[in-house]
Amino acid sequence: MELVKNLEKINQELSGAGCRLVAVSKTKPVSMLQEAYDAGVRIFGENRVQELVAKNEELPQDIEWHMIGHLQTNKVKQIASFVNMIHSVESFKLLEEINKRAAQHDRVVNCLLQIHIAQEESKFGLDEKGLLEILQNEKLASLENICVKGLMGMATFTQDKEQVRSEFKSLKQLFDRVATLELPSNVDLKEVSMGMSGDYKIAIEEGSTLVRVGSLIFGSRS
């Protein structure tokens with residue numbers, strides 16, 4: 001019941017904020033995901049392709065699967081038939097591959113462009129110049145089997161709440177700037193995916209529309 005209580009608490013904080021929960025279920029057993037599903041969760045986030053594929057086969061088919069980890073182009077084909085959203089797109093080449101594989105299944109895959117907002121070098125992502133290069137690439141409009149839905153970013157892992165807040169603020173401001181551009185019809189900027197277990201409350205205050213929460217729901221990683 002602990003899991004259900006955890007979910008109730010998070011859902012209360014999200015209600016009225018225009019923000020949805022992505023339950024980050026990496027390393028967790030299918031039984032735990034089923035418990036969360038029974039408690040109303042429909043969006044689950046995984047960061048490894050193999051685990052995502054295996055869980056998709058075992059769990060209810062109305063789950064909206066989000067790939068939130070770093071994705072290699074050669075792995076796209078394994079998830080293209082069912083993944084709803086990929087949060088971690090950071091190259092035009094990867095967009096082209098997602099488009100190609102989604103077309104083979106006659107479906108559209110939603111994508112978020114990952115922006116590097118943290119001070120840590122280890123985190124992936126585009127800078128503003130790289131983001132604009134993708135959005136203004138003349139080939140983008142021809143990718144009919146993807147839809148760019150917004151931006152994703154990960155804040156620095158730090159106790160400094162003001163630093164985290166300023167990083168989230170910078171992502172939201174970048175989102176607002178690019179949302180004013182004239183963009184092709186397969187770009188529909190609606191989502192700002194930011195905030196995890198340690199900082200999701202700040203992310204909500206700064207305009208997040210998707211928070212990726214794992215350990216606060218399922219307990220710390222096994």
# chains A, B, ... in the order shown; residues from 1 in each chain; ligands from 1
>>> select_by_dssp(residues="chain A", states="alpha helix (DSSP H)", output="PyMOL selection string")
chain A and resi 2-14+30-38+49-58+76-79+92-104+128-135+161-178+200-205+215-218
>>> closest_atom_pairs(of="range 36-108 of chain A", to="range 15-21 of chain A", cutoff="10 Å", atoms="only C-alpha atoms", output="CSV")
residue,atom,partner,partner_atom,distance
A:Val41,CA,A:Leu21,CA,8.1
A:Arg42,CA,A:Leu21,CA,8.9
A:Ile43,CA,A:Leu21,CA,7.0
A:Phe44,CA,A:Leu21,CA,8.5
A:Gly45,CA,A:Leu21,CA,9.6
>>> closest_residue(among="A:Glu191, A:Glu162, A:Glu144, A:Glu121", to="Asp176 in chain A", atoms="only C-alpha atoms")
A:Glu191
>>> residues_around(residues="Lys161 in chain A", least_positions_apart="5", cutoff="10 Å", atoms="only C-alpha atoms", output="list in words")
Thr156, Ser166, Glu167, Gly198, Asp199 and Ile202 of chain A
>>> residues_around(residues="Lys77 in chain A", least_positions_apart="5", cutoff="9 Å", atoms="only C-alpha atoms", output="NGL selection string")
:A and (97-98 or 100-102)
>>> closest_atom_pairs(of="range 107-210 of chain A", to="range 91-96 of chain A", cutoff="10 Å", atoms="only C-alpha atoms", output="Markdown table")
| residue | atom | partner | partner_atom | distance |
| --- | --- | --- | --- | --- |
| A:Val109 | CA | A:Leu95 | CA | 9.8 |
| A:Cys111 | CA | A:Leu95 | CA | 8.0 |
| A:Leu112 | CA | A:Leu95 | CA | 9.9 |
| A:Leu113 | CA | A:Ser91 | CA | 8.3 |
| A:Gln114 | CA | A:Ser91 | CA | 9.1 |
| A:Gly125 | CA | A:Ser91 | CA | 8.9 |
| A:Leu126 | CA | A:Ser91 | CA | 8.1 |
| A:Gly130 | CA | A:Ser91 | CA | 8.3 |
| A:Leu131 | CA | A:Ser91 | CA | 8.7 |
| A:Glu133 | CA | A:Phe92 | CA | 8.7 |
| A:Ile134 | CA | A:Phe92 | CA | 5.9 |
| A:Leu135 | CA | A:Phe92 | CA | 9.1 |
| A:Asn137 | CA | A:Phe92 | CA | 8.5 |
| A:Lys139 | CA | A:Glu96 | CA | 9.3 |
| A:Leu140 | CA | A:Phe92 | CA | 8.3 |
| A:Ser142 | CA | A:Glu96 | CA | 9.7 |
| A:Leu143 | CA | A:Glu96 | CA | 7.0 |
| A:Asn145 | CA | A:Glu96 | CA | 9.3 |
| A:Ile146 | CA | A:Leu95 | CA | 7.5 |
| A:Cys147 | CA | A:Leu95 | CA | 9.5 |
| A:Val148 | CA | A:Leu95 | CA | 9.1 |
>>> closest_residue(among="A:Glu46, A:Glu8, A:Glu206, A:Glu2", to="Val22 in chain A", atoms="only C-alpha atoms")
A:Glu46
>>> select_by_dssp(residues="range 32-222 of chain A", states="strand (DSSP E)", output="PyMOL selection string")
chain A and resi 43-46+64-67+85-89+109-115+146-153+187-193+210-213
>>> write_last_selection(atoms="N, CA and C atoms", output="short mmCIF file (atom, residue, chain, number, x, y, z; two decimals), in the first residue's frame")
data_model
loop_
_atom_site.label_atom_id
_atom_site.label_comp_id
_atom_site.auth_asym_id
_atom_site.auth_seq_id
_atom_site.Cartn_x
_atom_site.Cartn_y
_atom_site.Cartn_z
N ILE A 43 1.24 6.32 -17.59
CA ILE A 43 2.48 6.69 -18.30
C ILE A 43 3.68 6.17 -17.50
N PHE A 44 4.46 5.30 -18.12
CA PHE A 44 5.66 4.77 -17.48
C PHE A 44 6.88 5.13 -18.30
N GLY A 45 7.98 5.46 -17.61
CA GLY A 45 9.22 5.83 -18.28
C GLY A 45 10.32 4.82 -18.00
N GLU A 46 10.99 4.38 -19.05
CA GLU A 46 12.11 3.45 -18.92
C GLU A 46 13.33 4.05 -19.60
N GLU A 64 1.08 4.01 -21.80
CA GLU A 64 1.81 4.95 -22.66
C GLU A 64 3.27 4.87 -22.24
N TRP A 65 4.09 4.23 -23.07
CA TRP A 65 5.50 4.06 -22.72
C TRP A 65 6.33 5.25 -23.21
N HIS A 66 7.15 5.78 -22.28
CA HIS A 66 8.06 6.86 -22.62
C HIS A 66 9.50 6.36 -22.47
N MET A 67 10.29 6.55 -23.51
CA MET A 67 11.72 6.23 -23.43
C MET A 67 12.43 7.48 -22.95
N MET A 85 6.40 8.13 -26.60
CA MET A 85 7.22 9.35 -26.64
C MET A 85 8.67 9.02 -26.31
N ILE A 86 9.59 9.66 -27.03
CA ILE A 86 11.02 9.53 -26.75
C ILE A 86 11.50 10.89 -26.27
N HIS A 87 11.98 10.94 -25.01
CA HIS A 87 12.34 12.21 -24.37
C HIS A 87 13.75 12.68 -24.70
N SER A 88 14.56 11.80 -25.28
CA SER A 88 16.01 12.03 -25.28
C SER A 88 16.60 12.19 -26.68
N VAL A 89 15.89 12.88 -27.57
CA VAL A 89 16.41 13.07 -28.93
C VAL A 89 17.38 14.25 -28.96
N VAL A 109 5.52 8.75 -33.89
CA VAL A 109 6.14 8.71 -32.56
C VAL A 109 6.42 10.14 -32.11
N ASN A 110 5.97 10.46 -30.91
CA ASN A 110 6.23 11.79 -30.33
C ASN A 110 7.66 11.86 -29.81
N CYS A 111 8.29 13.00 -30.02
CA CYS A 111 9.69 13.17 -29.62
C CYS A 111 9.87 14.49 -28.86
N LEU A 112 10.77 14.45 -27.89
CA LEU A 112 11.21 15.67 -27.21
C LEU A 112 12.69 15.85 -27.51
N LEU A 113 13.11 17.08 -27.73
CA LEU A 113 14.51 17.37 -27.97
C LEU A 113 15.18 17.66 -26.63
N GLN A 114 16.23 16.89 -26.35
CA GLN A 114 16.90 17.02 -25.04
C GLN A 114 17.90 18.17 -25.05
N ILE A 115 17.73 19.06 -24.08
CA ILE A 115 18.57 20.25 -23.96
C ILE A 115 19.52 20.09 -22.78
N ILE A 146 7.11 11.40 -37.29
CA ILE A 146 7.48 11.88 -35.95
C ILE A 146 6.73 13.18 -35.70
N CYS A 147 6.56 13.51 -34.42
CA CYS A 147 6.05 14.83 -34.04
C CYS A 147 6.91 15.35 -32.90
N VAL A 148 7.55 16.50 -33.11
CA VAL A 148 8.36 17.10 -32.04
C VAL A 148 7.41 17.83 -31.10
N LYS A 149 7.29 17.30 -29.90
CA LYS A 149 6.29 17.79 -28.95
C LYS A 149 6.83 18.79 -27.93
N GLY A 150 8.16 18.95 -27.87
CA GLY A 150 8.68 19.89 -26.88
C GLY A 150 10.12 19.60 -26.52
N LEU A 151 10.49 20.03 -25.33
CA LEU A 151 11.88 19.93 -24.87
C LEU A 151 11.97 19.16 -23.57
N MET A 152 13.13 18.56 -23.36
CA MET A 152 13.41 17.88 -22.09
C MET A 152 14.76 18.33 -21.56
N GLY A 153 14.87 18.42 -20.24
CA GLY A 153 16.17 18.76 -19.65
C GLY A 153 16.31 18.17 -18.26
N VAL A 187 5.89 19.82 -35.90
CA VAL A 187 6.40 20.37 -34.63
C VAL A 187 5.21 21.01 -33.92
N ASP A 188 4.87 20.45 -32.77
CA ASP A 188 3.70 20.91 -32.02
C ASP A 188 4.12 21.08 -30.56
N LEU A 189 4.75 22.22 -30.27
CA LEU A 189 5.42 22.39 -28.98
C LEU A 189 4.41 22.57 -27.83
N LYS A 190 4.29 21.50 -27.04
CA LYS A 190 3.33 21.50 -25.93
C LYS A 190 3.97 21.08 -24.60
N GLU A 191 5.08 20.31 -24.68
CA GLU A 191 5.61 19.67 -23.48
C GLU A 191 6.98 20.23 -23.06
N VAL A 192 7.11 20.44 -21.75
CA VAL A 192 8.42 20.72 -21.15
C VAL A 192 8.63 19.64 -20.09
N SER A 193 9.49 18.67 -20.43
CA SER A 193 9.74 17.55 -19.53
C SER A 193 10.93 17.89 -18.65
N LEU A 210 5.61 17.64 -17.75
CA LEU A 210 5.85 16.22 -17.50
C LEU A 210 6.95 16.08 -16.46
N VAL A 211 6.65 15.45 -15.32
CA VAL A 211 7.71 15.17 -14.34
C VAL A 211 7.99 13.67 -14.34
N ARG A 212 9.28 13.33 -14.24
CA ARG A 212 9.72 11.94 -14.32
C ARG A 212 10.12 11.48 -12.91
N VAL A 213 9.20 10.82 -12.24
CA VAL A 213 9.41 10.48 -10.82
C VAL A 213 9.49 8.97 -10.64
#
>>> residues_around(residues="Gln136 in chain A", least_positions_apart="6", cutoff="10 Å", atoms="only C-alpha atoms", output="count of residues only")
5
>>> closest_residue(among="A:Ile217, A:Leu174, A:Ala179, A:Val76", to="Ala36 in chain A", atoms="only C-alpha atoms")
A:Ile217
>>> atom_distance(atom1="CA of Asn74 in chain A", atom2="CA of Glu57 in chain A")
20.4 Å
>>> decode(residues="range 133-168 of chain A", atoms="N, CA and C atoms", output="PDB file, in the first residue's frame")
ATOM      1  N   GLU A 133      19.268  24.407 -35.135  1.00  0.00           N
ATOM      2  CA  GLU A 133      19.705  23.702 -36.358  1.00  0.00           C
ATOM      3  C   GLU A 133      18.724  22.583 -36.709  1.00  0.00           C
ATOM      4  N   ILE A 134      18.217  21.886 -35.691  1.00  0.00           N
ATOM      5  CA  ILE A 134      17.239  20.814 -35.937  1.00  0.00           C
ATOM      6  C   ILE A 134      15.905  21.412 -36.370  1.00  0.00           C
ATOM      7  N   LEU A 135      15.417  22.399 -35.622  1.00  0.00           N
ATOM      8  CA  LEU A 135      14.092  22.960 -35.907  1.00  0.00           C
ATOM      9  C   LEU A 135      14.039  23.682 -37.253  1.00  0.00           C
ATOM     10  N   GLN A 136      15.187  24.196 -37.681  1.00  0.00           N
ATOM     11  CA  GLN A 136      15.205  24.946 -38.939  1.00  0.00           C
ATOM     12  C   GLN A 136      15.794  24.135 -40.098  1.00  0.00           C
ATOM     13  N   ASN A 137      16.016  22.849 -39.855  1.00  0.00           N
ATOM     14  CA  ASN A 137      16.511  21.975 -40.926  1.00  0.00           C
ATOM     15  C   ASN A 137      15.396  21.809 -41.966  1.00  0.00           C
ATOM     16  N   GLU A 138      15.720  22.098 -43.219  1.00  0.00           N
ATOM     17  CA  GLU A 138      14.655  22.076 -44.246  1.00  0.00           C
ATOM     18  C   GLU A 138      14.080  20.680 -44.465  1.00  0.00           C
ATOM     19  N   LYS A 139      14.800  19.653 -44.017  1.00  0.00           N
ATOM     20  CA  LYS A 139      14.298  18.275 -44.176  1.00  0.00           C
ATOM     21  C   LYS A 139      13.287  17.899 -43.092  1.00  0.00           C
ATOM     22  N   LEU A 140      13.205  18.694 -42.032  1.00  0.00           N
ATOM     23  CA  LEU A 140      12.363  18.328 -40.884  1.00  0.00           C
ATOM     24  C   LEU A 140      10.903  18.107 -41.285  1.00  0.00           C
ATOM     25  N   ALA A 141      10.378  18.986 -42.115  1.00  0.00           N
ATOM     26  CA  ALA A 141       8.962  18.913 -42.502  1.00  0.00           C
ATOM     27  C   ALA A 141       8.612  17.601 -43.200  1.00  0.00           C
ATOM     28  N   SER A 142       9.607  16.950 -43.802  1.00  0.00           N
ATOM     29  CA  SER A 142       9.340  15.710 -44.545  1.00  0.00           C
ATOM     30  C   SER A 142       9.258  14.477 -43.641  1.00  0.00           C
ATOM     31  N   LEU A 143       9.587  14.644 -42.360  1.00  0.00           N
ATOM     32  CA  LEU A 143       9.545  13.499 -41.437  1.00  0.00           C
ATOM     33  C   LEU A 143       8.114  13.351 -40.899  1.00  0.00           C
ATOM     34  N   GLU A 144       7.294  12.657 -41.655  1.00  0.00           N
ATOM     35  CA  GLU A 144       5.853  12.621 -41.362  1.00  0.00           C
ATOM     36  C   GLU A 144       5.473  11.641 -40.256  1.00  0.00           C
ATOM     37  N   ASN A 145       6.426  10.821 -39.822  1.00  0.00           N
ATOM     38  CA  ASN A 145       6.105   9.817 -38.799  1.00  0.00           C
ATOM     39  C   ASN A 145       6.700  10.142 -37.437  1.00  0.00           C
ATOM     40  N   ILE A 146       7.112  11.398 -37.295  1.00  0.00           N
ATOM     41  CA  ILE A 146       7.480  11.883 -35.953  1.00  0.00           C
ATOM     42  C   ILE A 146       6.727  13.183 -35.700  1.00  0.00           C
ATOM     43  N   CYS A 147       6.557  13.514 -34.418  1.00  0.00           N
ATOM     44  CA  CYS A 147       6.050  14.830 -34.038  1.00  0.00           C
ATOM     45  C   CYS A 147       6.905  15.349 -32.899  1.00  0.00           C
ATOM     46  N   VAL A 148       7.546  16.495 -33.113  1.00  0.00           N
ATOM     47  CA  VAL A 148       8.356  17.101 -32.045  1.00  0.00           C
ATOM     48  C   VAL A 148       7.409  17.833 -31.105  1.00  0.00           C
ATOM     49  N   LYS A 149       7.287  17.301 -29.899  1.00  0.00           N
ATOM     50  CA  LYS A 149       6.285  17.787 -28.949  1.00  0.00           C
ATOM     51  C   LYS A 149       6.826  18.790 -27.931  1.00  0.00           C
ATOM     52  N   GLY A 150       8.159  18.946 -27.868  1.00  0.00           N
ATOM     53  CA  GLY A 150       8.678  19.888 -26.884  1.00  0.00           C
ATOM     54  C   GLY A 150      10.118  19.597 -26.524  1.00  0.00           C
ATOM     55  N   LEU A 151      10.492  20.026 -25.328  1.00  0.00           N
ATOM     56  CA  LEU A 151      11.878  19.934 -24.872  1.00  0.00           C
ATOM     57  C   LEU A 151      11.970  19.162 -23.565  1.00  0.00           C
ATOM     58  N   MET A 152      13.128  18.556 -23.356  1.00  0.00           N
ATOM     59  CA  MET A 152      13.411  17.875 -22.087  1.00  0.00           C
ATOM     60  C   MET A 152      14.764  18.329 -21.560  1.00  0.00           C
ATOM     61  N   GLY A 153      14.873  18.424 -20.242  1.00  0.00           N
ATOM     62  CA  GLY A 153      16.166  18.758 -19.649  1.00  0.00           C
ATOM     63  C   GLY A 153      16.312  18.171 -18.261  1.00  0.00           C
ATOM     64  N   MET A 154      17.560  17.932 -17.867  1.00  0.00           N
ATOM     65  CA  MET A 154      17.869  17.416 -16.532  1.00  0.00           C
ATOM     66  C   MET A 154      18.744  18.421 -15.805  1.00  0.00           C
ATOM     67  N   ALA A 155      18.294  18.806 -14.608  1.00  0.00           N
ATOM     68  CA  ALA A 155      19.053  19.784 -13.823  1.00  0.00           C
ATOM     69  C   ALA A 155      20.294  19.130 -13.211  1.00  0.00           C
ATOM     70  N   THR A 156      21.222  19.970 -12.798  1.00  0.00           N
ATOM     71  CA  THR A 156      22.410  19.497 -12.085  1.00  0.00           C
ATOM     72  C   THR A 156      21.989  18.757 -10.818  1.00  0.00           C
ATOM     73  N   PHE A 157      22.701  17.678 -10.503  1.00  0.00           N
ATOM     74  CA  PHE A 157      22.444  16.928  -9.261  1.00  0.00           C
ATOM     75  C   PHE A 157      23.128  17.671  -8.121  1.00  0.00           C
ATOM     76  N   THR A 158      22.360  18.516  -7.437  1.00  0.00           N
ATOM     77  CA  THR A 158      22.940  19.368  -6.400  1.00  0.00           C
ATOM     78  C   THR A 158      21.884  19.697  -5.347  1.00  0.00           C
ATOM     79  N   GLN A 159      22.357  20.046  -4.154  1.00  0.00           N
ATOM     80  CA  GLN A 159      21.435  20.480  -3.084  1.00  0.00           C
ATOM     81  C   GLN A 159      21.038  21.949  -3.254  1.00  0.00           C
ATOM     82  N   ASP A 160      21.712  22.642  -4.175  1.00  0.00           N
ATOM     83  CA  ASP A 160      21.471  24.073  -4.374  1.00  0.00           C
ATOM     84  C   ASP A 160      20.173  24.287  -5.171  1.00  0.00           C
ATOM     85  N   LYS A 161      19.101  24.539  -4.437  1.00  0.00           N
ATOM     86  CA  LYS A 161      17.783  24.654  -5.069  1.00  0.00           C
ATOM     87  C   LYS A 161      17.701  25.832  -6.041  1.00  0.00           C
ATOM     88  N   GLU A 162      18.420  26.890  -5.744  1.00  0.00           N
ATOM     89  CA  GLU A 162      18.374  28.066  -6.630  1.00  0.00           C
ATOM     90  C   GLU A 162      19.048  27.780  -7.967  1.00  0.00           C
ATOM     91  N   GLN A 163      20.107  26.980  -7.921  1.00  0.00           N
ATOM     92  CA  GLN A 163      20.752  26.591  -9.187  1.00  0.00           C
ATOM     93  C   GLN A 163      19.794  25.748 -10.032  1.00  0.00           C
ATOM     94  N   VAL A 164      19.145  24.779  -9.372  1.00  0.00           N
ATOM     95  CA  VAL A 164      18.177  23.918 -10.065  1.00  0.00           C
ATOM     96  C   VAL A 164      17.063  24.769 -10.667  1.00  0.00           C
ATOM     97  N   ARG A 165      16.569  25.706  -9.853  1.00  0.00           N
ATOM     98  CA  ARG A 165      15.482  26.573 -10.330  1.00  0.00           C
ATOM     99  C   ARG A 165      15.916  27.373 -11.554  1.00  0.00           C
ATOM    100  N   SER A 166      17.130  27.907 -11.525  1.00  0.00           N
ATOM    101  CA  SER A 166      17.579  28.739 -12.654  1.00  0.00           C
ATOM    102  C   SER A 166      17.769  27.884 -13.915  1.00  0.00           C
ATOM    103  N   GLU A 167      18.163  26.626 -13.735  1.00  0.00           N
ATOM    104  CA  GLU A 167      18.317  25.739 -14.896  1.00  0.00           C
ATOM    105  C   GLU A 167      16.948  25.408 -15.507  1.00  0.00           C
ATOM    106  N   PHE A 168      15.967  25.133 -14.656  1.00  0.00           N
ATOM    107  CA  PHE A 168      14.611  24.868 -15.153  1.00  0.00           C
ATOM    108  C   PHE A 168      14.032  26.109 -15.821  1.00  0.00           C
TER     109      PHE A 168
END
